[in-house]
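Trainee: Contents are CSV, C-alpha atoms; file name run-v7.csv:
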```csv
chain,number,residue,atom,x,y,z
D,6,MET,CA,0.0,0.0,0.0
D,7,ALA,CA,2.6,2.4,-1.2
D,8,GLN,CA,1.8,6.1,-1.2
D,9,GLN,CA,0.8,7.5,-4.6
D,10,LEU,CA,3.6,9.1,-6.6
D,11,TYR,CA,2.7,11.9,-9.0
D,12,PHE,CA,4.5,12.9,-12.2
D,13,GLU,CA,5.1,16.4,-10.8
D,14,ASP,CA,7.0,14.9,-7.9
D,15,VAL,CA,9.6,13.3,-10.1
D,16,ASN,CA,12.8,14.9,-11.2
D,17,GLU,CA,15.5,13.6,-13.6
D,18,GLY,CA,18.4,12.3,-11.5
D,19,ASP,CA,16.1,11.3,-8.5
D,20,GLU,CA,17.0,8.1,-6.8
D,21,ILE,CA,14.2,5.7,-5.9
D,22,PRO,CA,14.0,4.3,-2.4
D,23,GLU,CA,16.2,1.2,-2.0
D,24,LEU,CA,14.6,-2.1,-1.7
D,25,VAL,CA,16.6,-4.5,0.5
D,26,LYS,CA,15.7,-8.2,0.1
D,27,LYS,CA,17.0,-11.3,1.8
D,28,LEU,CA,15.6,-14.3,0.0
D,29,THR,CA,15.3,-17.7,1.6
D,30,LYS,CA,15.7,-21.0,-0.2
D,31,LYS,CA,12.0,-21.4,0.3
D,32,ASN,CA,11.5,-18.2,-1.9
D,33,LEU,CA,13.6,-19.8,-4.6
D,34,VAL,CA,11.6,-23.1,-4.5
D,35,VAL,CA,8.2,-21.3,-4.6
D,36,TYR,CA,9.4,-19.2,-7.4
D,37,ALA,CA,10.8,-22.2,-9.3
D,38,VAL,CA,7.5,-24.0,-9.2
D,39,THR,CA,5.3,-21.0,-9.9
D,40,ALA,CA,7.5,-19.4,-12.6
D,41,GLY,CA,7.8,-22.9,-14.2
D,42,ASP,CA,11.6,-23.1,-14.2
D,43,LEU,CA,12.7,-26.3,-12.5
D,44,TYR,CA,16.4,-25.9,-13.2
D,45,GLU,CA,18.2,-27.7,-10.3
D,46,LEU,CA,20.8,-25.0,-10.0
D,47,HIS,CA,18.3,-23.0,-8.0
D,48,TYR,CA,17.4,-25.7,-5.4
D,49,ASP,CA,19.9,-28.5,-5.5
D,50,LYS,CA,23.2,-27.7,-3.9
D,51,ASP,CA,25.1,-30.6,-5.5
D,52,THR,CA,24.1,-29.2,-9.0
D,53,ALA,CA,25.3,-25.8,-7.9
D,54,THR,CA,28.6,-26.8,-6.4
D,55,ALA,CA,29.3,-29.0,-9.5
D,56,GLN,CA,29.1,-25.8,-11.5
D,57,GLY,CA,31.5,-24.0,-9.2
D,58,PHE,CA,29.0,-22.1,-7.1
D,59,LYS,CA,29.2,-22.2,-3.3
D,60,ASP,CA,25.4,-22.8,-3.0
D,61,VAL,CA,22.2,-22.6,-5.0
D,62,ILE,CA,21.9,-19.3,-6.8
D,63,VAL,CA,18.9,-16.9,-7.1
D,64,GLN,CA,17.1,-17.2,-10.4
D,65,GLY,CA,18.0,-14.3,-12.7
D,66,ARG,CA,14.3,-13.6,-13.5
D,67,LEU,CA,13.5,-13.6,-9.8
D,68,LYS,CA,16.0,-10.8,-9.4
D,69,SER,CA,14.3,-9.0,-12.3
D,70,ALA,CA,11.0,-9.3,-10.5
D,71,LEU,CA,12.7,-7.6,-7.5
D,72,LEU,CA,13.8,-4.8,-9.7
D,73,ALA,CA,10.2,-4.5,-10.8
D,74,GLN,CA,9.0,-4.6,-7.1
D,75,ALA,CA,11.3,-1.6,-6.2
D,76,VAL,CA,9.4,0.2,-9.0
D,77,THR,CA,5.9,-0.8,-8.0
D,78,ASP,CA,6.7,0.1,-4.4
D,79,TRP,CA,7.9,3.5,-5.5
D,80,ILE,CA,5.1,4.4,-8.0
D,81,GLY,CA,2.1,3.3,-5.9
D,82,ASP,CA,-1.1,1.7,-7.1
D,83,GLY,CA,-2.1,4.5,-9.5
D,84,GLY,CA,1.1,4.1,-11.5
D,85,SER,CA,1.8,1.3,-13.9
D,86,VAL,CA,4.9,-0.3,-15.3
D,87,ARG,CA,4.9,-0.1,-19.2
D,88,LYS,CA,8.3,-1.4,-20.0
D,89,LEU,CA,11.0,-3.6,-18.3
D,90,THR,CA,14.3,-4.7,-19.4
D,91,CYS,CA,16.6,-7.1,-17.6
D,92,ASN,CA,20.1,-8.4,-17.8
D,93,ASN,CA,21.7,-10.7,-15.3
D,94,ARG,CA,25.5,-10.6,-15.0
D,95,GLY,CA,26.4,-12.3,-11.7
D,96,ALA,CA,25.4,-14.9,-9.1
D,97,ASP,CA,23.5,-14.0,-5.9
D,98,TYR,CA,22.8,-16.4,-3.1
D,99,PRO,CA,19.8,-16.9,-0.8
D,100,GLY,CA,20.5,-15.5,2.7
D,101,ASP,CA,22.5,-12.6,1.3
D,102,GLU,CA,21.1,-9.1,1.1
D,103,PHE,CA,20.2,-8.1,-2.4
D,104,THR,CA,19.7,-4.3,-2.7
D,105,VAL,CA,17.7,-2.8,-5.6
D,106,LYS,CA,18.5,0.7,-6.5
D,107,GLY,CA,17.3,3.0,-9.2
D,108,LYS,CA,17.6,6.4,-10.7
D,109,VAL,CA,15.3,8.5,-12.9
D,110,LEU,CA,16.8,8.9,-16.4
D,111,LYS,CA,14.2,11.1,-17.9
D,112,LYS,CA,10.5,12.2,-17.7
D,113,PHE,CA,8.5,12.8,-20.8
D,114,GLN,CA,4.9,12.8,-22.2
D,115,GLU,CA,3.8,10.6,-25.0
D,116,ASN,CA,0.3,9.9,-26.4
D,117,GLY,CA,-1.1,11.8,-23.5
D,118,GLU,CA,0.7,9.8,-20.8
D,119,ASN,CA,3.1,10.9,-18.2
D,120,LEU,CA,6.1,8.6,-18.5
D,121,VAL,CA,9.3,8.2,-16.5
D,122,GLU,CA,12.3,6.2,-17.6
D,123,LEU,CA,14.5,4.6,-14.9
D,124,ASP,CA,17.8,2.9,-14.6
D,125,LEU,CA,17.7,-0.1,-12.2
D,126,TRP,CA,20.3,-2.4,-10.7
D,127,GLY,CA,20.7,-4.9,-8.0
D,128,GLU,CA,23.8,-5.1,-5.7
D,129,ASN,CA,25.2,-8.0,-3.7
D,130,PRO,CA,26.5,-7.5,-0.1
D,131,GLU,CA,29.9,-6.4,-1.5
D,132,GLY,CA,28.2,-3.6,-3.4
D,133,ASN,CA,28.9,-5.2,-6.8
D,134,LYS,CA,26.2,-4.8,-9.4
D,135,THR,CA,24.9,-8.2,-10.5
D,136,THR,CA,21.6,-7.4,-12.2
D,137,PHE,CA,20.7,-4.6,-14.5
D,138,GLY,CA,17.5,-3.3,-15.9
D,139,LYS,CA,15.5,-0.4,-17.0
D,140,ALA,CA,11.8,0.5,-16.7
D,141,VAL,CA,9.3,2.9,-18.1
D,142,VAL,CA,6.4,3.8,-15.9
D,143,ALA,CA,3.2,5.8,-16.4
D,144,LEU,CA,2.2,8.1,-13.6
D,145,PRO,CA,-0.9,10.1,-12.7
D,146,GLY,CA,-0.6,13.9,-12.8
D,147,LYS,CA,-1.9,16.1,-10.0
D,148,VAL,CA,-4.2,18.0,-12.3
C,4,MET,CA,20.9,-42.6,-27.2
C,5,PRO,CA,23.1,-41.3,-30.0
C,6,GLU,CA,24.7,-37.9,-29.4
C,7,GLU,CA,22.5,-35.3,-30.9
C,8,LYS,CA,24.2,-33.1,-33.4
C,9,ILE,CA,24.7,-29.4,-32.6
C,10,LEU,CA,23.0,-27.4,-35.3
C,11,THR,CA,25.2,-25.1,-37.5
C,12,PHE,CA,24.5,-21.4,-37.8
C,13,GLU,CA,22.9,-22.0,-41.2
C,14,GLU,CA,20.7,-24.8,-39.9
C,15,ILE,CA,19.5,-22.6,-37.0
C,16,LYS,CA,18.9,-19.7,-39.4
C,17,GLN,CA,16.6,-21.8,-41.6
C,18,ARG,CA,14.2,-22.0,-38.7
C,19,ALA,CA,13.8,-18.3,-38.2
C,20,GLY,CA,10.1,-17.4,-38.1
C,21,GLU,CA,8.9,-20.6,-36.4
C,22,GLU,CA,6.2,-20.1,-33.8
C,23,ILE,CA,4.9,-22.2,-30.9
C,24,GLU,CA,1.5,-21.3,-29.2
C,25,GLU,CA,0.4,-22.2,-25.7
C,26,THR,CA,-2.5,-21.4,-23.5
C,27,LEU,CA,-1.9,-20.3,-19.9
C,28,GLU,CA,-4.7,-20.0,-17.4
C,29,VAL,CA,-3.6,-17.5,-14.7
C,30,ASP,CA,-5.4,-18.3,-11.5
C,31,LYS,CA,-5.4,-16.7,-8.0
C,32,SER,CA,-3.0,-19.2,-6.5
C,33,MET,CA,-0.5,-18.7,-9.3
C,34,ILE,CA,-0.4,-15.0,-8.7
C,35,ARG,CA,-0.3,-15.3,-4.9
C,36,ASN,CA,2.4,-18.0,-5.1
C,37,PHE,CA,4.4,-15.8,-7.4
C,38,ALA,CA,4.2,-12.9,-5.0
C,39,GLN,CA,5.2,-15.2,-2.1
C,40,GLY,CA,8.2,-16.5,-4.2
C,41,ILE,CA,9.5,-13.0,-4.7
C,42,GLY,CA,8.6,-11.9,-1.2
C,43,ASP,CA,6.4,-9.0,-2.4
C,44,GLU,CA,3.6,-8.1,0.1
C,45,ASN,CA,1.8,-5.6,-2.1
C,46,PRO,CA,-2.0,-6.4,-1.5
C,47,LEU,CA,-2.7,-5.8,-5.2
C,48,TRP,CA,-1.3,-9.2,-5.8
C,49,THR,CA,-3.0,-11.0,-3.0
C,50,ASP,CA,-6.1,-9.2,-1.6
C,51,GLU,CA,-9.2,-9.3,-3.9
C,52,GLU,CA,-11.1,-6.6,-1.9
C,53,TYR,CA,-8.1,-4.3,-2.0
C,54,ALA,CA,-7.6,-4.9,-5.8
C,55,ARG,CA,-11.3,-4.1,-6.4
C,56,SER,CA,-11.0,-0.9,-4.5
C,57,LYS,CA,-8.3,0.1,-7.0
C,58,GLY,CA,-10.6,-0.6,-10.0
C,59,TYR,CA,-9.6,-4.1,-10.9
C,60,ASN,CA,-12.0,-7.1,-11.0
C,61,THR,CA,-9.7,-9.2,-8.8
C,62,ILE,CA,-6.0,-9.5,-7.9
C,63,ILE,CA,-3.5,-8.7,-10.7
C,64,ALA,CA,-0.1,-10.1,-11.4
C,65,PRO,CA,3.0,-8.1,-10.5
C,66,PRO,CA,5.1,-6.9,-13.5
C,67,GLY,CA,7.8,-9.4,-12.8
C,68,PHE,CA,5.3,-12.2,-13.6
C,69,PHE,CA,5.7,-11.4,-17.3
C,70,GLN,CA,9.3,-12.3,-17.1
C,71,ALA,CA,8.6,-15.7,-15.6
C,72,ALA,CA,9.6,-18.8,-17.6
C,73,VAL,CA,6.0,-20.0,-17.7
C,74,MET,CA,5.0,-16.8,-19.5
C,75,SER,CA,7.9,-15.8,-21.8
C,76,SER,CA,10.9,-18.1,-21.7
C,77,ALA,CA,10.8,-18.8,-25.5
C,78,PHE,CA,14.1,-20.8,-25.8
C,79,THR,CA,12.9,-23.4,-23.4
C,80,ARG,CA,10.0,-24.1,-25.9
C,81,PHE,CA,12.4,-24.5,-28.8
C,82,ARG,CA,15.3,-26.2,-27.0
C,83,PRO,CA,14.0,-29.8,-27.3
C,84,THR,CA,14.1,-29.6,-31.1
C,85,MET,CA,16.9,-27.0,-31.4
C,86,ASN,CA,20.2,-28.2,-30.1
C,87,ILE,CA,22.5,-25.2,-30.1
C,88,GLY,CA,25.0,-26.6,-27.5
C,89,ARG,CA,25.4,-24.2,-24.6
C,90,GLY,CA,23.3,-21.1,-24.4
C,91,VAL,CA,22.8,-18.5,-21.7
C,92,ASP,CA,20.1,-15.9,-21.1
C,93,ALA,CA,21.3,-12.6,-22.5
C,94,GLY,CA,18.5,-10.5,-21.3
C,95,GLY,CA,15.3,-9.1,-22.7
C,96,GLU,CA,12.8,-6.4,-22.9
C,97,TRP,CA,9.1,-6.5,-22.0
C,98,GLU,CA,6.4,-4.1,-23.0
C,99,ILE,CA,3.3,-4.3,-20.8
C,100,TYR,CA,0.0,-2.9,-22.1
C,101,GLU,CA,-2.6,-4.3,-19.8
C,102,PRO,CA,-2.6,-5.9,-16.4
C,103,VAL,CA,-3.1,-9.6,-16.1
C,104,GLU,CA,-5.9,-10.4,-13.7
C,105,ALA,CA,-6.6,-13.7,-12.0
C,106,GLY,CA,-8.9,-15.8,-14.2
C,107,ASP,CA,-7.3,-14.5,-17.4
C,108,VAL,CA,-6.7,-17.1,-20.1
C,109,LEU,CA,-3.7,-16.1,-22.1
C,110,THR,CA,-2.7,-17.2,-25.5
C,111,ASN,CA,1.1,-17.0,-25.5
C,112,THR,CA,3.0,-17.1,-28.8
C,113,PHE,CA,6.7,-17.9,-28.8
C,114,LYS,CA,8.6,-17.0,-31.9
C,115,PHE,CA,12.1,-17.8,-32.9
C,116,ALA,CA,12.8,-14.5,-34.8
C,117,ASP,CA,16.4,-14.8,-36.0
C,118,VAL,CA,19.9,-15.8,-35.3
C,119,VAL,CA,22.6,-13.2,-35.7
C,120,GLN,CA,26.4,-13.0,-35.3
C,121,GLU,CA,28.0,-9.9,-33.9
C,122,GLU,CA,31.7,-9.0,-33.5
C,123,GLY,CA,32.4,-9.0,-29.7
C,124,LYS,CA,35.6,-8.2,-27.8
C,125,LYS,CA,36.6,-11.8,-27.7
C,126,GLY,CA,35.6,-12.8,-31.2
C,127,MET,CA,32.3,-13.5,-33.0
C,128,LYS,CA,29.2,-13.9,-30.8
C,129,THR,CA,26.0,-15.7,-31.8
C,130,PHE,CA,22.7,-14.5,-30.5
C,131,LEU,CA,19.4,-16.2,-30.9
C,132,LYS,CA,16.5,-13.7,-30.9
C,133,PHE,CA,13.1,-14.6,-29.6
C,134,GLU,CA,9.8,-12.7,-29.4
C,135,THR,CA,6.7,-13.5,-27.4
C,136,THR,CA,3.1,-12.1,-27.6
C,137,HIS,CA,0.5,-12.5,-24.8
C,138,VAL,CA,-3.2,-12.1,-25.7
C,139,ASN,CA,-6.0,-12.4,-23.2
C,140,GLN,CA,-9.4,-14.0,-23.6
C,141,GLN,CA,-10.9,-10.7,-24.8
C,142,GLY,CA,-8.4,-10.6,-27.6
C,143,LYS,CA,-6.3,-7.8,-26.1
C,144,THR,CA,-2.6,-8.0,-26.4
C,145,VAL,CA,-1.5,-7.6,-22.8
C,146,ALA,CA,2.3,-7.8,-23.3
C,147,ARG,CA,5.1,-8.5,-25.7
C,148,SER,CA,8.7,-9.4,-25.2
C,149,ARG,CA,12.0,-9.6,-27.0
C,150,SER,CA,14.8,-11.7,-25.5
C,151,GLN,CA,18.0,-13.2,-26.6
C,152,ILE,CA,20.1,-16.3,-25.9
C,153,LEU,CA,23.9,-16.1,-26.3
C,154,LYS,CA,25.2,-19.3,-27.9
C,155,PHE,CA,28.6,-20.6,-26.8
```
Written as structure tokens, how would this file's structure read?
Mentor:
Amino acid sequence: MAQQLYFEDVNEGDEIPELVKKLTKKNLVVYAVTAGDLYELHYDKDTATAQGFKDVIVQGRLKSALLAQAVTDWIGDGGSVRKLTCNNRGADYPGDEFTVKGKVLKKFQENGENLVELDLWGENPEGNKTTFGKAVVALPGKV
Amino acid sequence: MPEEKILTFEEIKQRAGEEIEETLEVDKSMIRNFAQGIGDENPLWTDEEYARSKGYNTIIAPPGFFQAAVMSSAFTRFRPTMNIGRGVDAGGEWEIYEPVEAGDVLTNTFKFADVVQEEGKKGMKTFLKFETTHVNQQGKTVARSRSQILKF
């Protein structure tokens, strides 16, 4: 039940509130089943260590969904996500903090809609960026 | 089982334009489980009354749902008949036009659009390009995606 964000409140260069997540292995299993991706790398430690990882790793698309959550938390129920891009570059582990950050690239109007484009990324506990994305959101105006 | 031959660039290229269609019924449990999986407590994804107070008929799927394999992982549909050796997800782009509500029956079309070679820093890279389209039971296109797989 996020507070509503209005187009007028947004400025280019603004940072969006950070979303700090700590996923459990249970999250990964529920995601695997629901998202329909049963690759063992995300729930079987033997598979993960055989591939050189210290433990099972978080699904790349789950991390993209967290980037999207940071956006929906920020824009409130009256805003909507129009476009998302994702690119996963590194491994993240359940139990570790994964922090989503974002920055407003530009705001513009198109076909009568108030649009905001954002850069998004996710950082591991060492502060390295492991996940990248962008979003375009439509926001209500105050008038 | 005999070792299956890895397709050449030309053999993959010949299949550009192929499509696979699937039906996906999105129900309340699927959306609620998805929200639980990603740990997102926004009531729009879980609480019907709340979602109705915001103008929806029932709960809606969070935007990350469009990126789930069950929705739009095109390569997993082609992989059984398209042996390219090793491939990794090289990202994608989703355009969302309408929310998906619980009860929606989506027709998802997975298209193998093209295979291209690009000069990278460490030599030639091969990318397989896929597109998906998601149409609801009212005939509205709710989303489209473009994604790519990097072939090793």
Trainee: When you count only C-alpha atoms, which of these residues is closest to Val73 (chain C): D:Gly41, D:Lys26, D:Tyr11, D:Gln56?
Mentor: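 Using only C-alpha atoms, Val73 (chain C) sits closest to D:Gly41.
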Trainee: Using only C-alpha atoms, pick whichever of D:Glu118, D:Asp124, D:Asp51, D:Asp78 has the shortest atom-to-atom distance to chain C.
Mentor: D:Asp78
Trainee: With only C-alpha atoms considered, list every residue of chain D at most 6 Å from chain C, as a list in words.
Mentor: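 The contacting residues on chain D are Asn32, Val35, Tyr36, Thr39, Ala40, Gly41, Asp42, Ala70, Ala73, Arg87, Lys88, Leu89, Thr90, Cys91 and Asn92 of chain D.
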Trainee: Find the spatial neighbours of Glu7 (chain C), counting only C-alpha atoms, within a cut-off of 12 Å - ignore same-chain residues fewer than 6 positions away - and output them as an mmCIF file with C-alpha atoms, in the frame of the given file.
Mentor:
```cif
data_model
loop_
_atom_site.group_PDB
_atom_site.id
_atom_site.type_symbol
_atom_site.label_atom_id
_atom_site.label_comp_id
_atom_site.auth_asym_id
_atom_site.auth_seq_id
_atom_site.Cartn_x
_atom_site.Cartn_y
_atom_site.Cartn_z
ATOM 1 C CA PRO C 83 14.000 -29.800 -27.300
ATOM 2 C CA THR C 84 14.100 -29.600 -31.100
ATOM 3 C CA MET C 85 16.900 -27.000 -31.400
ATOM 4 C CA ASN C 86 20.200 -28.200 -30.100
ATOM 5 C CA ILE C 87 22.500 -25.200 -30.100
ATOM 6 C CA GLY C 88 25.000 -26.600 -27.500
#
```
Trainee: Work out how far CA of Ile62 (chain D) is from CA of Tyr98 (chain D), in Å to one decimal.
Mentor: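 Separating CA of Tyr98 (chain D) from CA of Ile62 (chain D) is a distance of 4.8 Å.
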Trainee: Just want the 12 Å neighbourhood of region 9-25 of chain C, counted on all atoms listed in the file, with same-chain residues fewer than 2 positions away dropped. Output as JSON, numbers by chain.
Mentor: {"C": [6, 7, 27, 28, 73, 74, 75, 76, 77, 78, 79, 80, 81, 82, 83, 84, 85, 86, 87, 88, 89, 90, 108, 109, 110, 111, 112, 113, 114, 115, 116, 117, 118, 119, 120, 128, 129, 130, 131, 132, 133, 134, 135, 136, 137, 138, 139, 154, 155]}
Trainee: Write out the residues from the selection above, keeping C-alpha atoms, as a PDB file, keeping the file's coordinate frame.
Mentor:
```pdb
ATOM      1  CA  GLU C   6      24.700 -37.900 -29.400  1.00  0.00           C
ATOM      2  CA  GLU C   7      22.500 -35.300 -30.900  1.00  0.00           C
ATOM      3  CA  LEU C  27      -1.900 -20.300 -19.900  1.00  0.00           C
ATOM      4  CA  GLU C  28      -4.700 -20.000 -17.400  1.00  0.00           C
ATOM      5  CA  VAL C  73       6.000 -20.000 -17.700  1.00  0.00           C
ATOM      6  CA  MET C  74       5.000 -16.800 -19.500  1.00  0.00           C
ATOM      7  CA  SER C  75       7.900 -15.800 -21.800  1.00  0.00           C
ATOM      8  CA  SER C  76      10.900 -18.100 -21.700  1.00  0.00           C
ATOM      9  CA  ALA C  77      10.800 -18.800 -25.500  1.00  0.00           C
ATOM     10  CA  PHE C  78      14.100 -20.800 -25.800  1.00  0.00           C
ATOM     11  CA  THR C  79      12.900 -23.400 -23.400  1.00  0.00           C
ATOM     12  CA  ARG C  80      10.000 -24.100 -25.900  1.00  0.00           C
ATOM     13  CA  PHE C  81      12.400 -24.500 -28.800  1.00  0.00           C
ATOM     14  CA  ARG C  82      15.300 -26.200 -27.000  1.00  0.00           C
ATOM     15  CA  PRO C  83      14.000 -29.800 -27.300  1.00  0.00           C
ATOM     16  CA  THR C  84      14.100 -29.600 -31.100  1.00  0.00           C
ATOM     17  CA  MET C  85      16.900 -27.000 -31.400  1.00  0.00           C
ATOM     18  CA  ASN C  86      20.200 -28.200 -30.100  1.00  0.00           C
ATOM     19  CA  ILE C  87      22.500 -25.200 -30.100  1.00  0.00           C
ATOM     20  CA  GLY C  88      25.000 -26.600 -27.500  1.00  0.00           C
ATOM     21  CA  ARG C  89      25.400 -24.200 -24.600  1.00  0.00           C
ATOM     22  CA  GLY C  90      23.300 -21.100 -24.400  1.00  0.00           C
ATOM     23  CA  VAL C 108      -6.700 -17.100 -20.100  1.00  0.00           C
ATOM     24  CA  LEU C 109      -3.700 -16.100 -22.100  1.00  0.00           C
ATOM     25  CA  THR C 110      -2.700 -17.200 -25.500  1.00  0.00           C
ATOM     26  CA  ASN C 111       1.100 -17.000 -25.500  1.00  0.00           C
ATOM     27  CA  THR C 112       3.000 -17.100 -28.800  1.00  0.00           C
ATOM     28  CA  PHE C 113       6.700 -17.900 -28.800  1.00  0.00           C
ATOM     29  CA  LYS C 114       8.600 -17.000 -31.900  1.00  0.00           C
ATOM     30  CA  PHE C 115      12.100 -17.800 -32.900  1.00  0.00           C
ATOM     31  CA  ALA C 116      12.800 -14.500 -34.800  1.00  0.00           C
ATOM     32  CA  ASP C 117      16.400 -14.800 -36.000  1.00  0.00           C
ATOM     33  CA  VAL C 118      19.900 -15.800 -35.300  1.00  0.00           C
ATOM     34  CA  VAL C 119      22.600 -13.200 -35.700  1.00  0.00           C
ATOM     35  CA  GLN C 120      26.400 -13.000 -35.300  1.00  0.00           C
ATOM     36  CA  LYS C 128      29.200 -13.900 -30.800  1.00  0.00           C
ATOM     37  CA  THR C 129      26.000 -15.700 -31.800  1.00  0.00           C
ATOM     38  CA  PHE C 130      22.700 -14.500 -30.500  1.00  0.00           C
ATOM     39  CA  LEU C 131      19.400 -16.200 -30.900  1.00  0.00           C
ATOM     40  CA  LYS C 132      16.500 -13.700 -30.900  1.00  0.00           C
ATOM     41  CA  PHE C 133      13.100 -14.600 -29.600  1.00  0.00           C
ATOM     42  CA  GLU C 134       9.800 -12.700 -29.400  1.00  0.00           C
ATOM     43  CA  THR C 135       6.700 -13.500 -27.400  1.00  0.00           C
ATOM     44  CA  THR C 136       3.100 -12.100 -27.600  1.00  0.00           C
ATOM     45  CA  HIS C 137       0.500 -12.500 -24.800  1.00  0.00           C
ATOM     46  CA  VAL C 138      -3.200 -12.100 -25.700  1.00  0.00           C
ATOM     47  CA  ASN C 139      -6.000 -12.400 -23.200  1.00  0.00           C
ATOM     48  CA  LYS C 154      25.200 -19.300 -27.900  1.00  0.00           C
ATOM     49  CA  PHE C 155      28.600 -20.600 -26.800  1.00  0.00           C
TER      50      PHE C 155
END
```
Trainee: What's the separation between CA of Asn129 (chain D) and CA of Leu43 (chain D), in Å to one decimal place?
Mentor: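 Distance reported for this atom pair: 23.8 Å.
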Trainee: Could you give me, as a VMD selection string, the residues within 10 Å of Gly107 (chain D), counting all atoms listed in the file and dropping anything in the same chain fewer than 5 positions from it?
Mentor: chain D and resid 18 to 24 72 75 to 76 123 to 127 137 to 140
Trainee: To one decimal place in Å, what is the distance between CA of Ala96 (chain D) and CA of Thr135 (chain D)?
Mentor: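 Computing it gives 6.9 Å between the two atoms.
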Trainee: Taking (23.1, -13.6, -5.0) in the file's own coordinates, collect the residues within 9 Å, counting all atoms listed in the file, and hand them back as a list in words.
Mentor: Ile62, Val63, Gln64, Lys68, Gly95, Ala96, Asp97, Tyr98, Pro99, Gly100, Asp101, Glu102, Phe103, Glu128, Asn129, Pro130 and Thr135 of chain D
Trainee: List as a list in words the protein and nucleic acid residues near Trp48 (chain C), meaning an atom at most 6 Å away when all atoms listed in the file are counted, but skip any in the same chain fewer than 3 places from it.
Mentor: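 After dropping sequence-adjacent residues, the list is Ile62, Ile63 and Ala64 of chain C.
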Trainee: Report as JSON, numbers by chain all protein, DNA and RNA residues lying within 10 Å of Gly83 (chain D), evaluated on only C-alpha atoms, omitting residues in the same chain fewer than 3 positions from it.
Mentor: {"D": [7, 8, 9, 10, 11, 77, 80, 143, 144, 145], "C": [57, 58]}
Trainee: Next, write the just-selected residues to a file, as a compact mmCIF listing (two decimals), in the frame of the given file, keeping C-alpha atoms as the atom set.
Mentor:
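Contents of part-v5.txt, freshly written:
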```
# COMPACT_ATOMS: atom_id res chain seq x y z
CA ALA D 7 2.60 2.40 -1.20
CA GLN D 8 1.80 6.10 -1.20
CA GLN D 9 0.80 7.50 -4.60
CA LEU D 10 3.60 9.10 -6.60
CA TYR D 11 2.70 11.90 -9.00
CA THR D 77 5.90 -0.80 -8.00
CA ILE D 80 5.10 4.40 -8.00
CA ALA D 143 3.20 5.80 -16.40
CA LEU D 144 2.20 8.10 -13.60
CA PRO D 145 -0.90 10.10 -12.70
CA LYS C 57 -8.30 0.10 -7.00
CA GLY C 58 -10.60 -0.60 -10.00
```
